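Student: What follows is target_21.pdb, PDB, C-alpha atoms and all ligand atoms.
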ATOM      1  CA  MET O   1      93.509 110.490 114.136  1.00  0.00           C
ATOM      2  CA  LYS O   2      93.377 107.144 112.344  1.00  0.00           C
ATOM      3  CA  SER O   3      90.951 104.416 113.354  1.00  0.00           C
ATOM      4  CA  LEU O   4      92.233 101.094 114.660  1.00  0.00           C
ATOM      5  CA  LYS O   5      91.137  99.461 111.420  1.00  0.00           C
ATOM      6  CA  GLU O   6      93.127 101.956 109.343  1.00  0.00           C
ATOM      7  CA  LEU O   7      96.170 101.453 111.541  1.00  0.00           C
ATOM      8  CA  GLU O   8      95.880  97.682 111.196  1.00  0.00           C
ATOM      9  CA  GLU O   9      95.736  98.041 107.393  1.00  0.00           C
ATOM     10  CA  ILE O  10      98.822 100.270 107.439  1.00  0.00           C
ATOM     11  CA  ARG O  11     100.606  97.742 109.663  1.00  0.00           C
ATOM     12  CA  LYS O  12      99.757  94.864 107.304  1.00  0.00           C
ATOM     13  CA  LYS O  13     100.887  96.841 104.262  1.00  0.00           C
ATOM     14  CA  THR O  14     104.111  97.844 106.000  1.00  0.00           C
ATOM     15  CA  LEU O  15     104.818  94.261 106.989  1.00  0.00           C
ATOM     16  CA  GLU O  16     104.284  93.116 103.403  1.00  0.00           C
ATOM     17  CA  ASN O  17     106.746  95.761 102.195  1.00  0.00           C
ATOM     18  CA  ILE O  18     109.229  94.791 104.874  1.00  0.00           C
ATOM     19  CA  ASN O  19     108.986  91.116 104.027  1.00  0.00           C
ATOM     20  CA  LEU O  20     109.971  91.937 100.457  1.00  0.00           C
ATOM     21  CA  ARG O  21     113.196  93.327 101.806  1.00  0.00           C
ATOM     22  CA  LYS O  22     114.244  90.379 103.899  1.00  0.00           C
ATOM     23  CA  GLY O  23     117.793  89.291 103.329  1.00  0.00           C
ATOM     24  CA  ARG O  24     120.759  87.932 105.234  1.00  0.00           C
ATOM     25  CA  GLU O  25     123.593  90.174 104.218  1.00  0.00           C
ATOM     26  CA  GLY O  26     124.221  93.874 104.396  1.00  0.00           C
ATOM     27  CA  TYR O  27     122.796  96.288 106.931  1.00  0.00           C
ATOM     28  CA  ARG O  28     119.798  95.420 109.064  1.00  0.00           C
ATOM     29  CA  VAL O  29     117.623  98.241 110.342  1.00  0.00           C
ATOM     30  CA  VAL O  30     115.215  97.569 113.209  1.00  0.00           C
ATOM     31  CA  VAL O  31     112.565 100.081 114.238  1.00  0.00           C
ATOM     32  CA  GLY O  32     110.907  99.934 117.668  1.00  0.00           C
ATOM     33  CA  MET O  33     107.174  99.688 117.100  1.00  0.00           C
ATOM     34  CA  ALA O  34     105.795  99.221 120.611  1.00  0.00           C
ATOM     35  CA  THR O  35     102.860 101.470 121.506  1.00  0.00           C
ATOM     36  CA  CYS O  36     105.239 104.089 122.892  1.00  0.00           C
ATOM     37  CA  GLY O  37     107.284 104.049 119.687  1.00  0.00           C
ATOM     38  CA  ILE O  38     104.212 104.434 117.523  1.00  0.00           C
ATOM     39  CA  ALA O  39     102.936 107.255 119.754  1.00  0.00           C
ATOM     40  CA  ALA O  40     106.297 109.004 119.337  1.00  0.00           C
ATOM     41  CA  GLY O  41     106.145 108.728 115.525  1.00  0.00           C
ATOM     42  CA  ALA O  42     107.907 105.431 114.767  1.00  0.00           C
ATOM     43  CA  ARG O  43     105.582 104.658 111.867  1.00  0.00           C
ATOM     44  CA  LEU O  44     106.646 107.832 110.037  1.00  0.00           C
ATOM     45  CA  VAL O  45     110.276 107.031 110.836  1.00  0.00           C
ATOM     46  CA  LEU O  46     109.879 103.531 109.406  1.00  0.00           C
ATOM     47  CA  MET O  47     108.256 104.912 106.240  1.00  0.00           C
ATOM     48  CA  ALA O  48     111.012 107.528 105.862  1.00  0.00           C
ATOM     49  CA  ILE O  49     113.697 104.848 106.160  1.00  0.00           C
ATOM     50  CA  MET O  50     112.039 102.685 103.534  1.00  0.00           C
ATOM     51  CA  ASP O  51     111.471 105.649 101.207  1.00  0.00           C
ATOM     52  CA  GLU O  52     115.084 106.734 101.472  1.00  0.00           C
ATOM     53  CA  ILE O  53     116.389 103.211 100.856  1.00  0.00           C
ATOM     54  CA  LYS O  54     114.252 103.152  97.730  1.00  0.00           C
ATOM     55  CA  ASN O  55     115.250 106.684  96.637  1.00  0.00           C
ATOM     56  CA  LEU O  56     118.939 105.915  96.993  1.00  0.00           C
ATOM     57  CA  GLU O  57     118.411 102.545  95.284  1.00  0.00           C
ATOM     58  CA  LEU O  58     120.175 100.760  98.113  1.00  0.00           C
ATOM     59  CA  THR O  59     120.022  97.002  97.940  1.00  0.00           C
ATOM     60  CA  ASN O  60     120.967  94.431 100.507  1.00  0.00           C
ATOM     61  CA  VAL O  61     119.310  96.291 103.389  1.00  0.00           C
ATOM     62  CA  THR O  62     116.825  94.527 105.618  1.00  0.00           C
ATOM     63  CA  VAL O  63     114.235  96.588 107.456  1.00  0.00           C
ATOM     64  CA  ALA O  64     112.336  95.041 110.341  1.00  0.00           C
ATOM     65  CA  GLN O  65     110.138  96.048 113.251  1.00  0.00           C
ATOM     66  CA  THR O  66     110.433  95.072 116.854  1.00  0.00           C
ATOM     67  CA  GLY O  67     108.341  95.663 119.956  1.00  0.00           C
ATOM     68  CA  CYS O  68     109.448  97.062 123.277  1.00  0.00           C
ATOM     69  CA  ILE O  69     113.101  98.105 123.379  1.00  0.00           C
ATOM     70  CA  GLY O  70     112.787  99.182 127.001  1.00  0.00           C
ATOM     71  CA  ALA O  71     113.321 102.926 126.824  1.00  0.00           C
ATOM     72  CA  CYS O  72     110.021 104.694 126.065  1.00  0.00           C
ATOM     73  CA  ARG O  73     111.466 108.152 126.666  1.00  0.00           C
ATOM     74  CA  LEU O  74     114.022 107.659 123.894  1.00  0.00           C
ATOM     75  CA  GLU O  75     111.547 106.559 121.214  1.00  0.00           C
ATOM     76  CA  PRO O  76     111.417 106.464 118.263  1.00  0.00           C
ATOM     77  CA  ILE O  77     114.416 104.148 118.443  1.00  0.00           C
ATOM     78  CA  VAL O  78     116.171 102.706 115.405  1.00  0.00           C
ATOM     79  CA  GLU O  79     118.861 100.046 115.685  1.00  0.00           C
ATOM     80  CA  VAL O  80     121.267  99.610 112.797  1.00  0.00           C
ATOM     81  CA  TYR O  81     123.293  96.402 112.536  1.00  0.00           C
ATOM     82  CA  SER O  82     126.300  96.423 110.256  1.00  0.00           C
ATOM     83  CA  PRO O  83     127.056  93.424 108.034  1.00  0.00           C
ATOM     84  CA  GLU O  84     129.595  92.449 110.733  1.00  0.00           C
ATOM     85  CA  GLY O  85     126.872  92.503 113.404  1.00  0.00           C
ATOM     86  CA  GLU O  86     127.843  95.709 115.219  1.00  0.00           C
ATOM     87  CA  LYS O  87     124.850  97.614 116.566  1.00  0.00           C
ATOM     88  CA  VAL O  88     124.351 101.371 116.632  1.00  0.00           C
ATOM     89  CA  THR O  89     121.252 102.674 118.425  1.00  0.00           C
ATOM     90  CA  TYR O  90     119.675 105.880 117.181  1.00  0.00           C
ATOM     91  CA  ILE O  91     117.223 107.571 119.524  1.00  0.00           C
ATOM     92  CA  LYS O  92     114.551 110.266 119.387  1.00  0.00           C
ATOM     93  CA  MET O  93     114.368 109.848 115.656  1.00  0.00           C
ATOM     94  CA  ASP O  94     112.106 111.701 113.262  1.00  0.00           C
ATOM     95  CA  PRO O  95     111.632 111.278 109.497  1.00  0.00           C
ATOM     96  CA  GLN O  96     114.319 113.847 108.644  1.00  0.00           C
ATOM     97  CA  LYS O  97     116.897 112.300 110.949  1.00  0.00           C
ATOM     98  CA  ALA O  98     115.945 108.865 109.624  1.00  0.00           C
ATOM     99  CA  LYS O  99     116.603 109.931 106.033  1.00  0.00           C
ATOM    100  CA  ALA O 100     119.922 111.494 107.011  1.00  0.00           C
ATOM    101  CA  MET O 101     120.850 108.288 108.841  1.00  0.00           C
ATOM    102  CA  VAL O 102     120.135 106.139 105.767  1.00  0.00           C
ATOM    103  CA  GLU O 103     122.195 108.406 103.540  1.00  0.00           C
ATOM    104  CA  SER O 104     125.134 108.730 105.923  1.00  0.00           C
ATOM    105  CA  HIS O 105     125.236 105.398 107.769  1.00  0.00           C
ATOM    106  CA  ILE O 106     123.738 102.859 105.376  1.00  0.00           C
ATOM    107  CA  LYS O 107     124.965 104.403 102.154  1.00  0.00           C
ATOM    108  CA  SER O 108     128.344 105.752 103.260  1.00  0.00           C
ATOM    109  CA  GLY O 109     129.095 103.788 106.438  1.00  0.00           C
ATOM    110  CA  LYS O 110     129.343 106.980 108.515  1.00  0.00           C
ATOM    111  CA  VAL O 111     127.473 106.895 111.853  1.00  0.00           C
ATOM    112  CA  ILE O 112     125.734 110.151 112.838  1.00  0.00           C
ATOM    113  CA  ASP O 113     126.987 110.307 116.414  1.00  0.00           C
ATOM    114  CA  GLU O 114     124.747 113.127 117.585  1.00  0.00           C
ATOM    115  CA  TYR O 115     121.613 111.010 117.013  1.00  0.00           C
ATOM    116  CA  THR O 116     122.923 107.999 118.907  1.00  0.00           C
ATOM    117  CA  MET O 117     122.686 106.771 122.447  1.00  0.00           C
ATOM    118  CA  THR O 118     125.729 106.376 124.652  1.00  0.00           C
ATOM    119  CA  VAL O 119     125.827 104.064 127.645  1.00  0.00           C
ATOM    120  CA  ILE O 120     128.286 105.001 130.372  1.00  0.00           C
ATOM    121  CA  GLU O 121     128.577 102.747 133.423  1.00  0.00           C
ATOM    122  CA  GLY O 122     125.212 101.191 132.626  1.00  0.00           C
ATOM    123  CA  LYS O 123     123.435 104.559 132.374  1.00  0.00           C
ATOM    124  CA  ILE O 124     121.939 105.862 129.161  1.00  0.00           C
ATOM    125  CA  ILE O 125     123.297 109.246 128.180  1.00  0.00           C
ATOM    126  CA  ASP O 126     121.000 110.806 125.618  1.00  0.00           C
ATOM    127  CA  PRO O 127     122.185 113.316 122.978  1.00  0.00           C
ATOM    128  CA  VAL O 128     120.956 116.378 124.879  1.00  0.00           C
ATOM    129  CA  ILE O 129     123.182 115.525 127.826  1.00  0.00           C
ATOM    130  CA  LYS O 130     126.062 114.461 125.537  1.00  0.00           C
ATOM    131  CA  GLU O 131     126.220 117.977 124.087  1.00  0.00           C
ATOM    132  CA  ASP O 132     126.765 119.603 127.534  1.00  0.00           C
TER     133      ASP O 132
HETATM  134  S1  LIG B 201     106.802 100.104 126.302  1.00  0.00           S
HETATM  135 FE1  LIG B 201     108.042 101.718 125.612  1.00  0.00          FE
HETATM  136  S2  LIG B 201     109.922 100.785 125.315  1.00  0.00           S
HETATM  137 FE2  LIG B 201     108.732  99.211 126.164  1.00  0.00          FE
END
Show the structure stored in the file as structure tokens.
Ligand code: FES
Tutor:
Amino acid sequence: MKSLKELEEIRKKTLENINLRKGREGYRVVVGMATCGIAAGARLVLMAIMDEIKNLELTNVTVAQTGCIGACRLEPIVEVYSPEGEKVTYIKMDPQKAKAMVESHIKSGKVIDEYTMTVIEGKIIDPVIKED
């Protein structure tokens, strides 16, 4: 378990890295970093996304953090905005899924449907239910 001081240092370092990537065009990736997101592993998801963007030498991608997205049980949540402003919400992410998402969605423009959330008549249908 990391101390609060260590976590704060990691947060600062992450924010510095993120700020280097700020841009106005291309994909924008937003990771939910409320307490529930962090408890569910959002920090590792964020790191995996940034690592994969670097590994694949993708440019023109902005990575940002946000707070409460309003669905603790679906965390870690990652929202991906296309250059045209369309949003895809990935839920229950982990580092492996995050890397796959970067490669498929950001690099090739192909959404990984089975990791995404579907809203039907105002109700959230998560991937487990979608498969039934
Ligand atoms: S506190 Fe968990 S999504 Fe808001």
Student: Quick one: which residues end up in the PyMOL selection byres (((chain O and resi 96) around 12) and not hetatm) for this structure, as a PyMOL selection string?
Tutor: chain O and resi 41+44-49+51-52+92-95+97-103+115
Student: Between atom CA of Ile38 of chain O and atom CA of Ser104 of chain O, what is the distance in Å, rounded to a tenth?
Tutor: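 Computed distance, atom CA of Ile38 of chain O to atom CA of Ser104 of chain O, equals 24.3 Å.
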Student: Determine, for each residue of chain O having at least one atom at most 8 Å from an atom of ligand LIG 201 (chain B), the closest pair of atoms and their separation in Å to one decimal, counting all atoms listed in the file; order by chain and ascending number, as CSV.
Tutor:
residue,atom,partner,partner_atom,distance
O:Gly32,CA,B:LIG201,S2,7.8
O:Ala34,CA,B:LIG201,S1,5.8
O:Thr35,CA,B:LIG201,S1,6.4
O:Cys36,CA,B:LIG201,FE1,4.6
O:Gly37,CA,B:LIG201,FE1,6.4
O:Gly67,CA,B:LIG201,FE2,7.2
O:Cys68,CA,B:LIG201,FE2,3.7
O:Ile69,CA,B:LIG201,S2,4.6
O:Gly70,CA,B:LIG201,S2,3.7
O:Ala71,CA,B:LIG201,S2,4.3
O:Cys72,CA,B:LIG201,FE1,3.6
O:Arg73,CA,B:LIG201,FE1,7.4
O:Glu75,CA,B:LIG201,S2,7.3
Student: For those residues, write C-alpha atoms to a file as an mmCIF file, keeping the file's coordinate frame.
Tutor:
data_model
loop_
_atom_site.group_PDB
_atom_site.id
_atom_site.type_symbol
_atom_site.label_atom_id
_atom_site.label_comp_id
_atom_site.auth_asym_id
_atom_site.auth_seq_id
_atom_site.Cartn_x
_atom_site.Cartn_y
_atom_site.Cartn_z
ATOM 1 C CA GLY O 32 110.907 99.934 117.668
ATOM 2 C CA ALA O 34 105.795 99.221 120.611
ATOM 3 C CA THR O 35 102.860 101.470 121.506
ATOM 4 C CA CYS O 36 105.239 104.089 122.892
ATOM 5 C CA GLY O 37 107.284 104.049 119.687
ATOM 6 C CA GLY O 67 108.341 95.663 119.956
ATOM 7 C CA CYS O 68 109.448 97.062 123.277
ATOM 8 C CA ILE O 69 113.101 98.105 123.379
ATOM 9 C CA GLY O 70 112.787 99.182 127.001
ATOM 10 C CA ALA O 71 113.321 102.926 126.824
ATOM 11 C CA CYS O 72 110.021 104.694 126.065
ATOM 12 C CA ARG O 73 111.466 108.152 126.666
ATOM 13 C CA GLU O 75 111.547 106.559 121.214
#
Student: Considering all atoms listed in the file, tabulate each residue of segment 6-108 of chain O that lies at most 7 Å from segment 116-122 of chain O along with its nearest interatomic pair and the corresponding distance in Å to one decimal; arrange the rows by chain and ascending residue number and present them as a Markdown table.
Tutor:
| residue | atom | partner | partner_atom | distance |
| --- | --- | --- | --- | --- |
| O:Thr89 | CA | O:Thr116 | CA | 5.6 |
| O:Tyr90 | CA | O:Thr116 | CA | 4.2 |
| O:Ile91 | CA | O:Thr116 | CA | 5.7 |
Student: Could you state which residues are captured by the PyMOL selection byres (((chain O and resi 65) around 8) and not hetatm) in this file, as a CSV table (one decimal) with C-alpha atoms, in the frame of the given file?
Tutor:
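expr-v7.csv written:
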chain,number,residue,atom,x,y,z
O,30,VAL,CA,115.2,97.6,113.2
O,31,VAL,CA,112.6,100.1,114.2
O,32,GLY,CA,110.9,99.9,117.7
O,33,MET,CA,107.2,99.7,117.1
O,63,VAL,CA,114.2,96.6,107.5
O,64,ALA,CA,112.3,95.0,110.3
O,66,THR,CA,110.4,95.1,116.9
O,67,GLY,CA,108.3,95.7,120.0
Student: May I ask which of the residues O:Glu79, O:Leu74, O:Glu114, O:Arg43 is the closest one to Lys13 of chain O, counting only C-alpha atoms?
Tutor: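 Of the candidates, the smallest distance to Lys13 of chain O is held by O:Arg43.
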Student: I'd like the interatomic distance between atom CA of Ala42 of chain O and atom CA of Arg11 of chain O, to a tenth of an Å.
Tutor: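 We find that atom CA of Ala42 of chain O and atom CA of Arg11 of chain O lie 11.8 Å from each other.
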Student: Tell me which of O:Asn60, O:Ile112, O:Lys123, O:Pro76 sits closest to Tyr27 of chain O, counting all atoms listed in the file.
Tutor: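 The answer is O:Asn60, which sits nearest to Tyr27 of chain O.
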Student: What is the distance, in Å and to one decimal place, between atom CA of Glu25 of chain O and atom CA of Tyr81 of chain O?
Tutor: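 Interatomic distance here is 10.4 Å.
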Student: Expand the PyMOL selection byres (((chain O and resi 83) around 9) and not hetatm) into the explicit residue set it covers here, and present it as a PDB file with C-alpha atoms, in the frame of the given file.
Tutor:
ATOM      1  CA  ARG O  24     120.759  87.932 105.234  1.00  0.00           C
ATOM      2  CA  GLU O  25     123.593  90.174 104.218  1.00  0.00           C
ATOM      3  CA  GLY O  26     124.221  93.874 104.396  1.00  0.00           C
ATOM      4  CA  TYR O  27     122.796  96.288 106.931  1.00  0.00           C
ATOM      5  CA  ARG O  28     119.798  95.420 109.064  1.00  0.00           C
ATOM      6  CA  TYR O  81     123.293  96.402 112.536  1.00  0.00           C
ATOM      7  CA  SER O  82     126.300  96.423 110.256  1.00  0.00           C
ATOM      8  CA  GLU O  84     129.595  92.449 110.733  1.00  0.00           C
ATOM      9  CA  GLY O  85     126.872  92.503 113.404  1.00  0.00           C
ATOM     10  CA  GLU O  86     127.843  95.709 115.219  1.00  0.00           C
TER      11      GLU O  86
END
